[in-house]
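Undergrad: Quick one: structure below, then a few questions.
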Amino acid sequence: MIVGGWLPGLVEAVVQSTSHARILQVRVPDWPGNLPGQHLDIRLTAEDGYQAERSYSIASSGAGTLVELAVDRVPDGEVSPYLVDDVLPGDALEVKGPLGNYFVWDPTDPSPVQLVAGGSGIVPLLAMARARARRPEAAPFRLLYSVRSADDAMYRDELEQLRADGLDLTWAYTRTAPDAWAGTPGRLSASVLADAVWPVDRRSLAFVCGPTGFVEASADLLVQHGYDPARVRTERFGGLS
Ligand SMILES: Cc1cc2nc3c(=O)[nH]c(=O)nc-3n(C[C@H](O)[C@H](O)[C@H](O)COP(=O)(O)OP(=O)(O)OC[C@H]3O[C@@H](n4cnc5c(N)ncnc54)[C@H](O)[C@@H]3O)c2cc1C
């Protein structure tokens with residue numbers, strides 16, 4: 001897949017995912033397809049010509065020209081509030097991609113996969129879990145998803161469905177937990193992580209994604225737990241927590 005210049009896209013559908021996040025399906029007629037885990041750049045142009053660009057992970061993968069994105073609103077942000085609150089089906093935007101060849105799951109790799117997501121960091125990991133669900137013969141997946149509360153979980157229903165279909169899914173809550181959850185809400189701890197992830201001797205390949213602080217803390221915990229740093233791949237979305 002060769003990345004060219006900016007491609008015209010048309011928003012085809014918008015779906016509310018949480019009270020502060022939205023799923024956008026964008027038709028990009030010249031989209032070359034993408035691998036699970038890749039991202040794209042979006043360029044918005046205002047009527048006065050002012051332009052803003054941001055990166056967004058792609059929740060869909062494979063061939064096809066309907067590209068799915070999911071955007072969480074960053075309060076006071078320049079671009080994300082527009083994408084979450086204002087954009088409508090029929091609106092135009094430009095995209096460039098697919099981008100990134102490192103934070104990508106290769107379905108032919110037999111290694112077990114450990115996914116660790118914080119907040120909107122679920123988006124590229126969902127692309128991997130969806131791709132895995134289409135290939136039952138592929139390696140087993142575990143997902144540890146840290147969210148503020150159950151209502152803050154993007155793609156919650158689909159993740160529960162993937163769990164029913166074999167995804168080993170552990171929720172972690174930082175602020176408010178459902179009554180049935182055994183544990184104390186808070187930042188991801190070494191013991192919660194150790195209970196949730198593949199044992200070190202499985203030599204799993206880990207993908208960690210979310211806000212920068214979350215990614216750095218989680219990757220450190222994985223390495224302290226015994227994971228090989230060379231097998232912990234990270235994608236940082238920015239922000240501090
Ligand atoms: C490879 C890549 C993939 C990404 N994929 C996604 C995705 O799938 N979904 C998604 O919602 N976002 C994703 N992001 C983040 C996205 O690119 C923007 O940074 C985010 O939407 C904020 O943009 P903004 O214009 O609203 O905020 P800005 O105007 O750029 O920033 C406003 C303030 O918020 C802080 N900030 C910026 N980004 C974040 C953040 N992620 N968390 C907390 N604070 C932040 C800034 O430091 C600044 O103080 C991705 C980023 C990268 C690099």
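Note on naming: chains are A, B, ... as they come in the structure tokens, residues start from 1 per chain, ligands start from 1 in the order shown.
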List the neighbours of region 3-8 of chain A out to 10 Å using only C-alpha atoms; skip same-chain residues closer than 3 positions along the sequence, and give me the result as a VMD selection string.
TA: chain A and resid 26 to 32 40 to 43 92 to 99
Undergrad: Would you list the residues that come within 7 Å of ligand 1? Count only C-alpha atoms and all ligand atoms and give the answer as a PyMOL selection string.
TA: chain A and resi 39+54-58+69-81+120-121+123-124+211+235-241
Undergrad: Run DSSP on the backbone and grab whatever in region 81-219 of chain A lands in strand (DSSP E or B); send it over as a ChimeraX atom specification.
TA: /A:92-99,113-118,141-147,168-173,205-210
Undergrad: Please produce a file of those selected residues containing N, CA, C and O atoms, as a short mmCIF file (atom, residue, chain, number, x, y, z; two decimals), in the first residue's frame.
TA:
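The resulting file, result24.cif, is reproduced below:
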data_model
loop_
_atom_site.label_atom_id
_atom_site.label_comp_id
_atom_site.auth_asym_id
_atom_site.auth_seq_id
_atom_site.Cartn_x
_atom_site.Cartn_y
_atom_site.Cartn_z
N ALA A 92 -17.63 16.82 4.10
CA ALA A 92 -16.39 16.41 3.43
C ALA A 92 -15.20 16.62 4.35
O ALA A 92 -15.18 17.54 5.18
N LEU A 93 -14.23 15.74 4.23
CA LEU A 93 -12.93 15.96 4.87
C LEU A 93 -11.89 15.28 4.00
O LEU A 93 -12.23 14.56 3.07
N GLU A 94 -10.62 15.53 4.30
CA GLU A 94 -9.56 14.89 3.52
C GLU A 94 -8.77 13.97 4.43
O GLU A 94 -8.60 14.27 5.63
N VAL A 95 -8.30 12.86 3.88
CA VAL A 95 -7.49 11.94 4.68
C VAL A 95 -6.21 11.60 3.91
O VAL A 95 -6.18 11.64 2.68
N LYS A 96 -5.19 11.24 4.69
CA LYS A 96 -3.95 10.75 4.10
C LYS A 96 -3.57 9.45 4.82
O LYS A 96 -3.55 9.40 6.04
N GLY A 97 -3.31 8.41 4.05
CA GLY A 97 -2.94 7.16 4.70
C GLY A 97 -3.10 5.98 3.78
O GLY A 97 -3.35 6.16 2.59
N PRO A 98 -2.99 4.76 4.32
CA PRO A 98 -2.78 4.46 5.73
C PRO A 98 -1.34 4.72 6.16
O PRO A 98 -0.43 4.62 5.35
N LEU A 99 -1.17 5.02 7.45
CA LEU A 99 0.14 5.37 7.99
C LEU A 99 0.53 4.40 9.11
O LEU A 99 -0.33 3.89 9.83
N VAL A 113 -1.37 -12.66 21.50
CA VAL A 113 -1.35 -11.20 21.46
C VAL A 113 -1.96 -10.64 22.74
O VAL A 113 -3.04 -11.06 23.16
N GLN A 114 -1.24 -9.71 23.34
CA GLN A 114 -1.73 -9.00 24.53
C GLN A 114 -2.03 -7.55 24.14
O GLN A 114 -1.12 -6.81 23.75
N LEU A 115 -3.28 -7.17 24.23
CA LEU A 115 -3.69 -5.79 23.94
C LEU A 115 -3.92 -5.07 25.27
O LEU A 115 -4.56 -5.61 26.17
N VAL A 116 -3.41 -3.83 25.37
CA VAL A 116 -3.64 -3.02 26.57
C VAL A 116 -4.08 -1.64 26.09
O VAL A 116 -3.31 -0.92 25.44
N ALA A 117 -5.33 -1.28 26.40
CA ALA A 117 -5.87 0.00 25.91
C ALA A 117 -6.27 0.89 27.07
O ALA A 117 -6.78 0.42 28.09
N GLY A 118 -6.07 2.18 26.89
CA GLY A 118 -6.59 3.19 27.80
C GLY A 118 -7.46 4.15 27.01
O GLY A 118 -7.00 4.72 26.01
N PHE A 141 -6.02 -13.98 21.62
CA PHE A 141 -5.91 -12.57 22.01
C PHE A 141 -6.39 -12.36 23.44
O PHE A 141 -7.42 -12.93 23.84
N ARG A 142 -5.70 -11.52 24.17
CA ARG A 142 -6.21 -11.00 25.44
C ARG A 142 -6.23 -9.48 25.35
O ARG A 142 -5.31 -8.89 24.79
N LEU A 143 -7.25 -8.89 25.95
CA LEU A 143 -7.37 -7.43 25.98
C LEU A 143 -7.60 -6.97 27.41
O LEU A 143 -8.51 -7.46 28.10
N LEU A 144 -6.78 -6.04 27.86
CA LEU A 144 -6.98 -5.34 29.13
C LEU A 144 -7.36 -3.91 28.76
O LEU A 144 -6.57 -3.20 28.13
N TYR A 145 -8.60 -3.50 29.12
CA TYR A 145 -9.09 -2.18 28.70
C TYR A 145 -9.38 -1.34 29.94
O TYR A 145 -10.28 -1.68 30.72
N SER A 146 -8.62 -0.27 30.09
CA SER A 146 -8.77 0.63 31.23
C SER A 146 -9.63 1.83 30.83
O SER A 146 -9.31 2.53 29.86
N VAL A 147 -10.70 2.04 31.60
CA VAL A 147 -11.62 3.15 31.32
C VAL A 147 -11.98 3.83 32.65
O VAL A 147 -11.83 3.23 33.71
N ASP A 168 -10.40 -12.88 25.22
CA ASP A 168 -10.20 -12.88 26.68
C ASP A 168 -10.10 -11.41 27.13
O ASP A 168 -9.08 -10.76 26.90
N LEU A 169 -11.17 -10.88 27.70
CA LEU A 169 -11.29 -9.43 27.97
C LEU A 169 -11.33 -9.15 29.47
O LEU A 169 -12.12 -9.76 30.20
N THR A 170 -10.48 -8.24 29.92
CA THR A 170 -10.50 -7.79 31.31
C THR A 170 -10.72 -6.28 31.32
O THR A 170 -10.01 -5.54 30.64
N TRP A 171 -11.73 -5.85 32.10
CA TRP A 171 -11.97 -4.41 32.27
C TRP A 171 -11.19 -3.93 33.49
O TRP A 171 -11.09 -4.64 34.49
N ALA A 172 -10.68 -2.70 33.42
CA ALA A 172 -10.09 -2.05 34.59
C ALA A 172 -10.70 -0.65 34.67
O ALA A 172 -10.85 0.02 33.63
N TYR A 173 -11.09 -0.23 35.87
CA TYR A 173 -11.78 1.06 36.03
C TYR A 173 -10.93 2.01 36.87
O TYR A 173 -10.39 1.61 37.90
N LEU A 205 3.09 -11.04 22.07
CA LEU A 205 3.41 -9.75 21.47
C LEU A 205 2.39 -8.76 22.03
O LEU A 205 1.18 -9.00 21.92
N ALA A 206 2.87 -7.68 22.66
CA ALA A 206 1.95 -6.74 23.31
C ALA A 206 1.81 -5.47 22.47
O ALA A 206 2.79 -4.95 21.92
N PHE A 207 0.57 -4.97 22.40
CA PHE A 207 0.27 -3.68 21.77
C PHE A 207 -0.39 -2.82 22.83
O PHE A 207 -1.44 -3.21 23.37
N VAL A 208 0.20 -1.66 23.11
CA VAL A 208 -0.30 -0.78 24.17
C VAL A 208 -0.65 0.57 23.54
O VAL A 208 0.19 1.16 22.84
N CYS A 209 -1.86 1.06 23.79
CA CYS A 209 -2.28 2.30 23.11
C CYS A 209 -3.18 3.14 24.00
O CYS A 209 -4.03 2.60 24.73
N GLY A 210 -3.01 4.45 23.92
CA GLY A 210 -3.86 5.36 24.69
C GLY A 210 -3.14 6.68 24.90
O GLY A 210 -2.17 6.99 24.20
#
Undergrad: Hey, which of A:Leu83, A:Ala133, A:Gly226, A:Gly213 ends up closest to Ala164 (chain A)? Count only C-alpha atoms.
TA: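 Between A:Leu83, A:Ala133, A:Gly226, A:Gly213, the residue approaching Ala164 (chain A) most closely is A:Ala133.
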Undergrad: Excluding Val11 (chain A) and any residue of its chain fewer than 2 positions from it, enumerate the residues within 7 Å of it, using only C-alpha atoms, and give them as a ChimeraX atom specification.
TA: /A:9,13,24-27,88-92
Undergrad: Generate a file of the selected residues that holds N, CA, C and O atoms, formatted as a PDB file, in the first residue's frame.
TA:
ATOM      1  N   GLY A   9     -12.719  12.515   1.249  1.00  0.00           N
ATOM      2  CA  GLY A   9     -13.601  11.574   1.937  1.00  0.00           C
ATOM      3  C   GLY A   9     -14.919  12.244   2.260  1.00  0.00           C
ATOM      4  O   GLY A   9     -14.992  13.478   2.375  1.00  0.00           O
ATOM      5  N   ALA A  13     -21.704   8.029   7.904  1.00  0.00           N
ATOM      6  CA  ALA A  13     -22.537   7.768   9.085  1.00  0.00           C
ATOM      7  C   ALA A  13     -21.800   8.205  10.336  1.00  0.00           C
ATOM      8  O   ALA A  13     -20.561   8.161  10.391  1.00  0.00           O
ATOM      9  N   LEU A  24     -17.156   7.446  13.398  1.00  0.00           N
ATOM     10  CA  LEU A  24     -17.398   8.071  12.093  1.00  0.00           C
ATOM     11  C   LEU A  24     -17.075   7.068  11.003  1.00  0.00           C
ATOM     12  O   LEU A  24     -15.990   6.481  11.008  1.00  0.00           O
ATOM     13  N   GLN A  25     -18.022   6.873  10.096  1.00  0.00           N
ATOM     14  CA  GLN A  25     -17.730   6.052   8.925  1.00  0.00           C
ATOM     15  C   GLN A  25     -17.572   6.982   7.738  1.00  0.00           C
ATOM     16  O   GLN A  25     -18.479   7.773   7.434  1.00  0.00           O
ATOM     17  N   VAL A  26     -16.398   6.889   7.132  1.00  0.00           N
ATOM     18  CA  VAL A  26     -16.023   7.845   6.092  1.00  0.00           C
ATOM     19  C   VAL A  26     -15.779   7.088   4.792  1.00  0.00           C
ATOM     20  O   VAL A  26     -14.980   6.146   4.751  1.00  0.00           O
ATOM     21  N   ARG A  27     -16.472   7.487   3.755  1.00  0.00           N
ATOM     22  CA  ARG A  27     -16.268   6.875   2.436  1.00  0.00           C
ATOM     23  C   ARG A  27     -15.106   7.586   1.749  1.00  0.00           C
ATOM     24  O   ARG A  27     -15.148   8.812   1.567  1.00  0.00           O
ATOM     25  N   LEU A  88     -21.410  15.934  10.328  1.00  0.00           N
ATOM     26  CA  LEU A  88     -22.666  15.280   9.959  1.00  0.00           C
ATOM     27  C   LEU A  88     -22.469  14.433   8.705  1.00  0.00           C
ATOM     28  O   LEU A  88     -21.566  14.713   7.901  1.00  0.00           O
ATOM     29  N   PRO A  89     -23.314  13.414   8.517  1.00  0.00           N
ATOM     30  CA  PRO A  89     -23.254  12.678   7.259  1.00  0.00           C
ATOM     31  C   PRO A  89     -23.363  13.659   6.087  1.00  0.00           C
ATOM     32  O   PRO A  89     -24.174  14.591   6.123  1.00  0.00           O
ATOM     33  N   GLY A  90     -22.514  13.439   5.083  1.00  0.00           N
ATOM     34  CA  GLY A  90     -22.491  14.330   3.926  1.00  0.00           C
ATOM     35  C   GLY A  90     -21.378  15.358   4.001  1.00  0.00           C
ATOM     36  O   GLY A  90     -21.056  15.981   2.989  1.00  0.00           O
ATOM     37  N   ASP A  91     -20.786  15.542   5.201  1.00  0.00           N
ATOM     38  CA  ASP A  91     -19.681  16.500   5.317  1.00  0.00           C
ATOM     39  C   ASP A  91     -18.424  15.929   4.671  1.00  0.00           C
ATOM     40  O   ASP A  91     -18.172  14.722   4.717  1.00  0.00           O
ATOM     41  N   ALA A  92     -17.626  16.818   4.101  1.00  0.00           N
ATOM     42  CA  ALA A  92     -16.390  16.414   3.431  1.00  0.00           C
ATOM     43  C   ALA A  92     -15.200  16.623   4.349  1.00  0.00           C
ATOM     44  O   ALA A  92     -15.181  17.539   5.181  1.00  0.00           O
TER      45      ALA A  92
END
Undergrad: Ranking A:Val192, A:Ala138, A:Met128, A:Ala153 by minimum distance to Asp109 (chain A) and counting only C-alpha atoms, which one comes first?
TA: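 Looking at the shortest contact to Asp109 (chain A), the residue is A:Ala138.
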Undergrad: Nearest to Ser19 (chain A) among A:Ser149, A:Asn101, A:Thr174, A:Ser189, with distances taken over only C-alpha atoms: which residue is it?
TA: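 Selected residue with least distance to Ser19 (chain A): A:Ser149.
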Undergrad: Considering only C-alpha atoms, can you say which of A:Glu137, A:Asp86, A:Asp195, A:Asp165 comes closest to Val14 (chain A)?
TA: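 With only C-alpha atoms as the atom set, the closest residue is A:Asp86.
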Undergrad: With only C-alpha atoms as the atoms that count, which of A:Val215, A:Leu159, A:Asn34, A:Asp48 lies nearest to Arg187 (chain A)?
TA: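 Of A:Val215, A:Leu159, A:Asn34, A:Asp48, the one nearest Arg187 (chain A), counting only C-alpha atoms, is A:Val215.
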